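J.: run-v2.cif is reproduced in full below (mmCIF, C-alpha atoms and all ligand atoms).
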data_coords
#
loop_
_atom_site.label_atom_id
_atom_site.label_comp_id
_atom_site.auth_asym_id
_atom_site.auth_seq_id
_atom_site.Cartn_x
_atom_site.Cartn_y
_atom_site.Cartn_z
CA MET A 118 -6.18 -2.59 -8.44
CA ILE A 119 -5.76 -2.76 -4.68
CA ILE A 120 -2.57 -4.34 -3.38
CA VAL A 121 -1.72 -4.76 0.31
CA LEU A 122 1.93 -5.03 1.37
CA LEU A 123 2.16 -7.07 4.55
CA GLY A 124 5.22 -8.02 6.59
CA PRO A 125 7.13 -7.32 9.78
CA PRO A 126 8.91 -3.98 10.30
CA GLY A 127 12.04 -3.79 8.18
CA THR A 128 11.12 -6.39 5.54
CA GLY A 129 11.46 -3.74 2.82
CA LYS A 130 7.85 -2.68 2.28
CA GLY A 131 8.78 0.97 1.82
CA THR A 132 11.82 0.07 -0.31
CA GLN A 133 9.76 -2.10 -2.69
CA ALA A 134 6.73 0.17 -2.86
CA LYS A 135 8.25 2.49 -5.47
CA ALA A 136 8.80 -0.21 -8.10
CA ILE A 137 5.31 -1.67 -7.61
CA THR A 138 3.55 1.69 -7.76
CA THR A 139 5.52 2.70 -10.86
CA ARG A 140 4.70 -0.55 -12.69
CA HIS A 141 1.03 -0.50 -11.77
CA ARG A 142 0.57 3.30 -11.78
CA LEU A 143 -0.87 3.27 -8.28
CA PRO A 144 -0.49 5.78 -5.45
CA HIS A 145 1.63 4.58 -2.53
CA VAL A 146 -0.47 4.82 0.63
CA SER A 147 1.73 4.28 3.68
CA THR A 148 -0.01 4.81 7.02
CA GLY A 149 3.42 5.19 8.67
CA ASP A 150 4.39 7.98 6.23
CA ILE A 151 1.05 9.76 6.69
CA LEU A 152 1.41 9.58 10.48
CA ARG A 153 5.00 10.88 10.33
CA LYS A 154 3.85 13.79 8.11
CA ASN A 155 1.12 14.61 10.65
CA LEU A 156 3.71 14.47 13.41
CA ALA A 157 6.03 16.84 11.55
CA ASP A 158 3.12 19.23 10.86
CA GLY A 159 2.08 19.15 14.53
CA SER A 160 -1.51 18.17 13.65
CA GLU A 161 -3.93 16.85 16.26
CA LEU A 162 -3.63 13.33 14.76
CA GLY A 163 0.18 13.58 14.84
CA LEU A 164 0.14 14.59 18.50
CA GLU A 165 -2.22 11.73 19.39
CA ALA A 166 -0.08 9.21 17.47
CA LYS A 167 3.37 10.36 18.70
CA ALA A 168 3.64 8.41 21.97
CA TYR A 169 2.41 5.17 20.39
CA MET A 170 4.82 5.42 17.47
CA GLU A 171 7.89 6.23 19.53
CA LYS A 172 7.31 3.18 21.74
CA GLY A 173 6.64 0.96 18.73
CA GLU A 174 2.99 0.46 19.70
CA LEU A 175 0.17 0.53 17.17
CA VAL A 176 -1.85 3.72 16.87
CA PRO A 177 -5.50 3.02 17.89
CA ASP A 178 -7.66 1.49 15.17
CA HIS A 179 -10.26 4.28 15.11
CA LEU A 180 -7.60 6.90 14.29
CA ILE A 181 -6.11 4.73 11.53
CA LEU A 182 -9.49 3.96 9.99
CA ARG A 183 -10.33 7.68 9.90
CA LEU A 184 -6.96 8.44 8.32
CA ILE A 185 -7.39 5.74 5.65
CA ASP A 186 -10.93 6.77 4.86
CA SER A 187 -9.80 10.32 4.27
CA ARG A 188 -6.73 9.33 2.20
CA LEU A 189 -8.61 6.87 -0.01
CA SER A 190 -11.28 9.43 -0.80
CA GLU A 191 -8.66 11.57 -2.58
CA PRO A 192 -8.98 11.51 -6.39
CA ASP A 193 -5.63 9.78 -7.08
CA ALA A 194 -6.82 6.68 -5.17
CA SER A 195 -10.03 6.26 -7.19
CA GLY A 196 -8.43 3.60 -9.43
CA GLY A 197 -6.84 1.68 -6.58
CA CYS A 198 -3.68 1.95 -4.49
CA LEU A 199 -0.76 0.14 -2.92
CA LEU A 200 -1.34 -0.06 0.83
CA ASP A 201 1.85 -0.22 2.90
CA GLY A 202 1.40 -0.83 6.64
CA PHE A 203 -2.39 -1.10 6.54
CA PRO A 204 -4.35 -3.13 7.61
CA ARG A 205 -2.38 -4.10 10.69
CA THR A 206 -5.03 -5.58 12.97
CA ARG A 207 -8.05 -7.82 12.50
CA VAL A 208 -10.32 -4.85 13.33
CA GLN A 209 -8.69 -2.78 10.56
CA ALA A 210 -8.84 -5.65 8.05
CA GLU A 211 -12.53 -6.36 8.67
CA ALA A 212 -13.51 -2.68 8.62
CA PHE A 213 -11.59 -2.22 5.35
CA ASP A 214 -13.24 -5.26 3.74
CA GLY A 215 -16.63 -3.88 4.80
CA ASP A 216 -15.90 -0.46 3.29
CA LEU A 217 -14.64 -1.98 0.05
CA SER A 218 -17.56 -4.35 -0.35
CA ALA A 219 -20.02 -1.47 0.24
CA LYS A 220 -18.39 0.15 -2.81
CA GLY A 221 -18.38 -3.08 -4.84
CA LEU A 222 -14.58 -3.33 -4.55
CA SER A 223 -12.16 -5.87 -3.10
CA ILE A 224 -8.46 -6.43 -2.51
CA ASP A 225 -6.66 -8.01 -5.51
CA HIS A 226 -3.41 -9.18 -3.91
CA VAL A 227 -1.82 -9.32 -0.46
CA LEU A 228 1.96 -9.56 -0.73
CA LEU A 229 3.64 -10.98 2.37
CA LEU A 230 7.35 -10.11 2.55
CA GLU A 231 9.22 -12.63 4.70
CA VAL A 232 12.66 -12.05 6.27
CA ALA A 233 14.24 -13.70 9.35
CA SER A 234 14.06 -11.70 12.60
CA GLU A 235 17.85 -11.32 13.05
CA ALA A 236 18.12 -9.71 9.62
CA LEU A 237 15.22 -7.39 10.42
CA ILE A 238 16.95 -6.07 13.54
CA LYS A 239 20.10 -5.38 11.50
CA ARG A 240 18.10 -3.64 8.76
CA LEU A 241 16.14 -1.43 11.18
CA SER A 242 18.98 -0.49 13.49
CA GLY A 243 21.11 0.53 10.47
CA ARG A 244 18.36 2.42 8.67
CA ARG A 245 18.78 6.15 8.10
CA VAL A 246 16.14 8.34 6.46
CA CYS A 247 15.99 11.76 4.88
CA GLU A 248 14.09 14.14 7.14
CA THR A 249 12.72 16.01 4.11
CA CYS A 250 11.81 13.51 1.35
CA GLY A 251 11.71 10.32 3.46
CA LYS A 252 14.20 8.42 1.25
CA SER A 253 15.54 5.42 3.12
CA TYR A 254 19.22 4.40 3.38
CA HIS A 255 21.17 1.80 5.32
CA VAL A 256 24.56 2.33 6.94
CA ASP A 257 25.94 -0.95 5.47
CA PHE A 258 23.67 -1.97 2.55
CA ASN A 259 22.96 1.44 1.02
CA PRO A 260 25.19 4.00 2.76
CA PRO A 261 23.65 7.47 2.92
CA PRO A 262 25.47 10.49 1.49
CA ALA A 263 26.41 13.32 3.92
CA GLU A 264 23.27 15.06 2.74
CA CYS A 265 20.27 13.60 0.82
CA HIS A 266 20.03 14.36 -2.95
CA CYS A 267 17.07 16.64 -2.07
CA GLY A 268 19.26 18.59 0.38
CA GLY A 269 17.52 17.15 3.47
CA ALA A 270 19.31 15.99 6.62
CA ILE A 271 19.87 12.25 7.13
CA VAL A 272 18.53 11.07 10.50
CA GLN A 273 17.59 7.91 12.42
CA ARG A 274 13.86 7.29 12.95
CA PRO A 275 12.89 7.68 16.65
CA ASP A 276 11.30 4.20 16.54
CA ASP A 277 14.50 2.57 15.23
CA THR A 278 16.00 2.35 18.73
CA GLU A 279 16.78 -1.15 20.04
CA GLU A 280 13.91 -1.08 22.55
CA ALA A 281 11.31 0.19 20.05
CA ILE A 282 12.44 -2.29 17.37
CA LYS A 283 12.00 -5.22 19.79
CA ASN A 284 8.55 -3.96 20.70
CA ARG A 285 7.53 -3.45 17.05
CA LEU A 286 8.52 -7.03 16.21
CA LYS A 287 6.55 -8.31 19.23
CA VAL A 288 3.50 -6.22 18.29
CA TYR A 289 3.71 -7.60 14.74
CA GLN A 290 3.66 -11.18 16.03
CA GLU A 291 0.70 -10.52 18.33
CA LEU A 292 -1.54 -8.23 16.30
CA THR A 293 -0.54 -8.25 12.63
CA LYS A 294 0.70 -11.78 11.93
CA PRO A 295 -2.84 -13.21 12.39
CA LEU A 296 -3.72 -11.36 9.17
CA VAL A 297 -1.56 -13.86 7.27
CA ASP A 298 -4.14 -16.58 8.00
CA TYR A 299 -6.99 -14.14 7.45
CA TYR A 300 -5.85 -13.32 3.89
CA GLU A 301 -4.64 -16.86 3.14
CA ALA A 302 -8.16 -18.13 3.87
CA LYS A 303 -9.47 -15.63 1.31
CA GLY A 304 -6.98 -16.90 -1.30
CA LEU A 305 -5.31 -13.49 -1.60
CA LEU A 306 -1.92 -14.13 -0.01
CA ARG A 307 1.28 -14.20 -2.14
CA ARG A 308 4.40 -15.07 -0.12
CA VAL A 309 7.66 -13.42 -1.20
CA ASP A 310 11.06 -14.28 0.28
CA GLY A 311 12.48 -10.83 1.08
CA ASP A 312 15.93 -12.13 2.06
CA ALA A 313 17.83 -11.05 -1.04
CA THR A 314 19.07 -7.84 -2.63
CA PRO A 315 16.38 -5.18 -3.19
CA GLN A 316 16.70 -5.78 -6.97
CA GLU A 317 16.13 -9.53 -6.60
CA VAL A 318 13.17 -8.97 -4.23
CA GLU A 319 11.71 -6.59 -6.81
CA LYS A 320 11.82 -9.40 -9.41
CA ARG A 321 10.26 -11.89 -6.98
CA ILE A 322 7.41 -9.47 -6.30
CA ALA A 323 6.85 -8.92 -10.02
CA ARG A 324 6.65 -12.69 -10.54
CA ALA A 325 4.20 -13.04 -7.60
CA LEU A 326 1.97 -10.41 -9.20
CA GLY A 327 2.23 -12.01 -12.63
CA ASP A 328 4.06 -8.97 -14.07
CA PRO A 329 6.59 -9.38 -16.89
CA VAL A 330 10.12 -9.57 -15.37
P1 LIG B 1 5.60 2.03 9.45
O1 LIG B 1 6.24 3.23 8.93
O2 LIG B 1 4.57 1.32 8.62
O3 LIG B 1 6.75 1.05 9.89
P2 LIG B 1 6.96 -0.52 9.81
O4 LIG B 1 5.84 -1.40 9.39
O5 LIG B 1 7.54 -0.80 11.13
O6 LIG B 1 7.83 -0.69 8.60
P3 LIG B 1 9.17 0.02 8.37
O7 LIG B 1 8.93 1.32 7.67
O8 LIG B 1 9.97 0.08 9.62
O9 LIG B 1 9.90 -1.06 7.45
P4 LIG B 1 9.74 -1.41 5.92
O10 LIG B 1 9.20 -2.80 5.80
O11 LIG B 1 9.03 -0.32 5.15
O12 LIG B 1 11.26 -1.48 5.52
P5 LIG B 1 12.18 -0.46 4.69
O13 LIG B 1 11.86 -0.59 3.24
O14 LIG B 1 12.16 0.91 5.28
O15 LIG B 1 4.88 2.32 10.85
C1 LIG B 1 5.53 3.07 11.87
C2 LIG B 1 4.60 3.19 13.06
O16 LIG B 1 3.39 3.89 12.69
C3 LIG B 1 4.08 1.86 13.66
O17 LIG B 1 5.00 1.28 14.56
C4 LIG B 1 2.78 2.33 14.34
O18 LIG B 1 3.04 2.98 15.52
C5 LIG B 1 2.24 3.36 13.35
N1 LIG B 1 1.34 2.74 12.34
C6 LIG B 1 1.54 2.72 10.98
N2 LIG B 1 0.53 2.08 10.37
C7 LIG B 1 -0.33 1.70 11.36
C8 LIG B 1 -1.56 0.97 11.35
N3 LIG B 1 -2.12 0.53 10.21
N4 LIG B 1 -2.15 0.73 12.54
C9 LIG B 1 -1.63 1.19 13.70
N5 LIG B 1 -0.47 1.87 13.77
C10 LIG B 1 0.18 2.12 12.60
O19 LIG B 1 13.61 -1.14 4.93
C11 LIG B 1 14.21 -1.13 6.23
C12 LIG B 1 15.74 -0.98 6.09
O20 LIG B 1 16.25 -2.14 5.41
C13 LIG B 1 16.19 0.23 5.24
O21 LIG B 1 17.36 0.74 5.80
C14 LIG B 1 16.45 -0.35 3.85
O22 LIG B 1 17.44 0.38 3.15
C15 LIG B 1 16.93 -1.77 4.20
N6 LIG B 1 16.53 -2.74 3.19
C16 LIG B 1 15.36 -2.83 2.51
N7 LIG B 1 15.36 -3.89 1.68
C17 LIG B 1 16.55 -4.51 1.86
C18 LIG B 1 17.16 -5.68 1.30
N8 LIG B 1 16.52 -6.41 0.39
N9 LIG B 1 18.39 -6.02 1.73
C19 LIG B 1 19.05 -5.26 2.65
N10 LIG B 1 18.54 -4.14 3.20
C20 LIG B 1 17.30 -3.78 2.83
#
Write the structure described by the file as structure tokens, please.
T.:
Amino acid sequence: MIIVLLGPPGTGKGTQAKAITTRHRLPHVSTGDILRKNLADGSELGLEAKAYMEKGELVPDHLILRLIDSRLSEPDASGGCLLDGFPRTRVQAEAFDGDLSAKGLSIDHVLLLEVASEALIKRLSGRRVCETCGKSYHVDFNPPPAECHCGGAIVQRPDDTEEAIKNRLKVYQELTKPLVDYYEAKGLLRRVDGDATPQEVEKRIARALGDPV
């Protein structure tokens, strides 16, 4: 099964990914997480992506398509995956469809998480993450401990500054939102209201996927 998680920054894609991947026994493929890992490792890809990410711009399509191609050729993704943060442009979506159809595969569901912009700014500016395991917290909604359960330091993501958040939301509107129509026209889009507690959103997603709740 191939599921795409779509939605503006801060809608809870990363937060919800764990429950979906556990239920469907799928690997969680987050292009943002892979890029951040490359950045931390100082790889060539990480160095190329750094400036784009810090400003809240999208990393160029050709780099993302190479990254996805390599990740999806790993054995754990042979039975499908949950894609979080990919595709994010029309070029990425069309290239991905082409690759899948060449393999006789296709996307099963596209889940669109919807949350009002004001709430997104609050979620992103209050987000804190573990530098080691990537676990996400929120200063008000899910206060982080002094130190993560894995022993890692709790930090703020460099792209969670006010300026970068504004830019990320603008970039979403311009380059990623058009994918809503693209997938709706294909009959794949499932809209989920993400403005509720994480537990309630988890149930809404399960219902949208036809899973037992
Ligand atoms: P990426 O890491 O994908 O970031 P994003 O899409 O901006 O999404 P976020 O991780 O910010 O938000 P989320 O929806 O996962 O929310 P979360 O669950 O953390 O990408 C980062 C960058 O990498 C991009 O800007 C770009 O530069 C580059 N990139 C990545 N993919 C790319 C691609 N395909 N093409 C080009 N460039 C690419 O939740 C947010 C906060 O809200 C947390 O604090 C959480 O605790 C809280 N929260 C979650 N759910 C709830 C709830 N229900 N109620 C209250 N609080 C909640």
J.: Check which residues fall inside 7 Å of ligand LIG 1 (chain B) when counting only C-alpha atoms and all ligand atoms, and print them as JSON, numbers by chain.
T.: {"A": [124, 125, 126, 127, 128, 129, 130, 131, 132, 133, 147, 148, 149, 150, 152, 169, 170, 173, 174, 175, 176, 177, 178, 181, 201, 202, 203, 204, 205, 206, 240, 241, 243, 244, 245, 253, 254, 255, 258, 259, 285, 311, 312, 313, 314, 315, 318]}
J.: Suppose you want the space between atom CA of A:Ser218 and atom CA of A:Ala194; what is it in Å?
T.: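 So the two atoms, atom CA of A:Ser218 and atom CA of A:Ala194, lie 16.1 Å apart.
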J.: Give me, as a PyMOL selection string, all polymer residues having an atom no more than 8 Å from A:Leu305, counting all atoms listed in the file and skipping those fewer than 2 positions away in the same chain.
T.: chain A and resi 224-227+300-303+307
J.: Keeping only C-alpha atoms, write the selected residues to a file as an mmCIF file, in the coordinates of the input.
T.:
data_model
loop_
_atom_site.group_PDB
_atom_site.id
_atom_site.type_symbol
_atom_site.label_atom_id
_atom_site.label_comp_id
_atom_site.auth_asym_id
_atom_site.auth_seq_id
_atom_site.Cartn_x
_atom_site.Cartn_y
_atom_site.Cartn_z
ATOM 1 C CA ILE A 224 -8.460 -6.430 -2.510
ATOM 2 C CA ASP A 225 -6.660 -8.010 -5.510
ATOM 3 C CA HIS A 226 -3.410 -9.180 -3.910
ATOM 4 C CA VAL A 227 -1.820 -9.320 -0.460
ATOM 5 C CA TYR A 300 -5.850 -13.320 3.890
ATOM 6 C CA GLU A 301 -4.640 -16.860 3.140
ATOM 7 C CA ALA A 302 -8.160 -18.130 3.870
ATOM 8 C CA LYS A 303 -9.470 -15.630 1.310
ATOM 9 C CA ARG A 307 1.280 -14.200 -2.140
#
J.: Taking into account all atoms listed in the file, which residue in the set A:Arg308, A:Ser190, A:Glu279, A:Lys252 is nearest to A:Lys135?
T.: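 Among the listed residues, A:Lys252 lies closest to A:Lys135.
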J.: Compare A:Cys247, A:Val232, A:Ile282, A:Leu200 by their minimum atom-to-atom distance to A:Gly269, counting all atoms listed in the file, and give me the closest one.
T.: A:Cys247
J.: From the list A:Val330, A:Val121, A:Leu164, A:Ala210, which residue is nearest A:Glu317 when using only C-alpha atoms?
T.: A:Val330
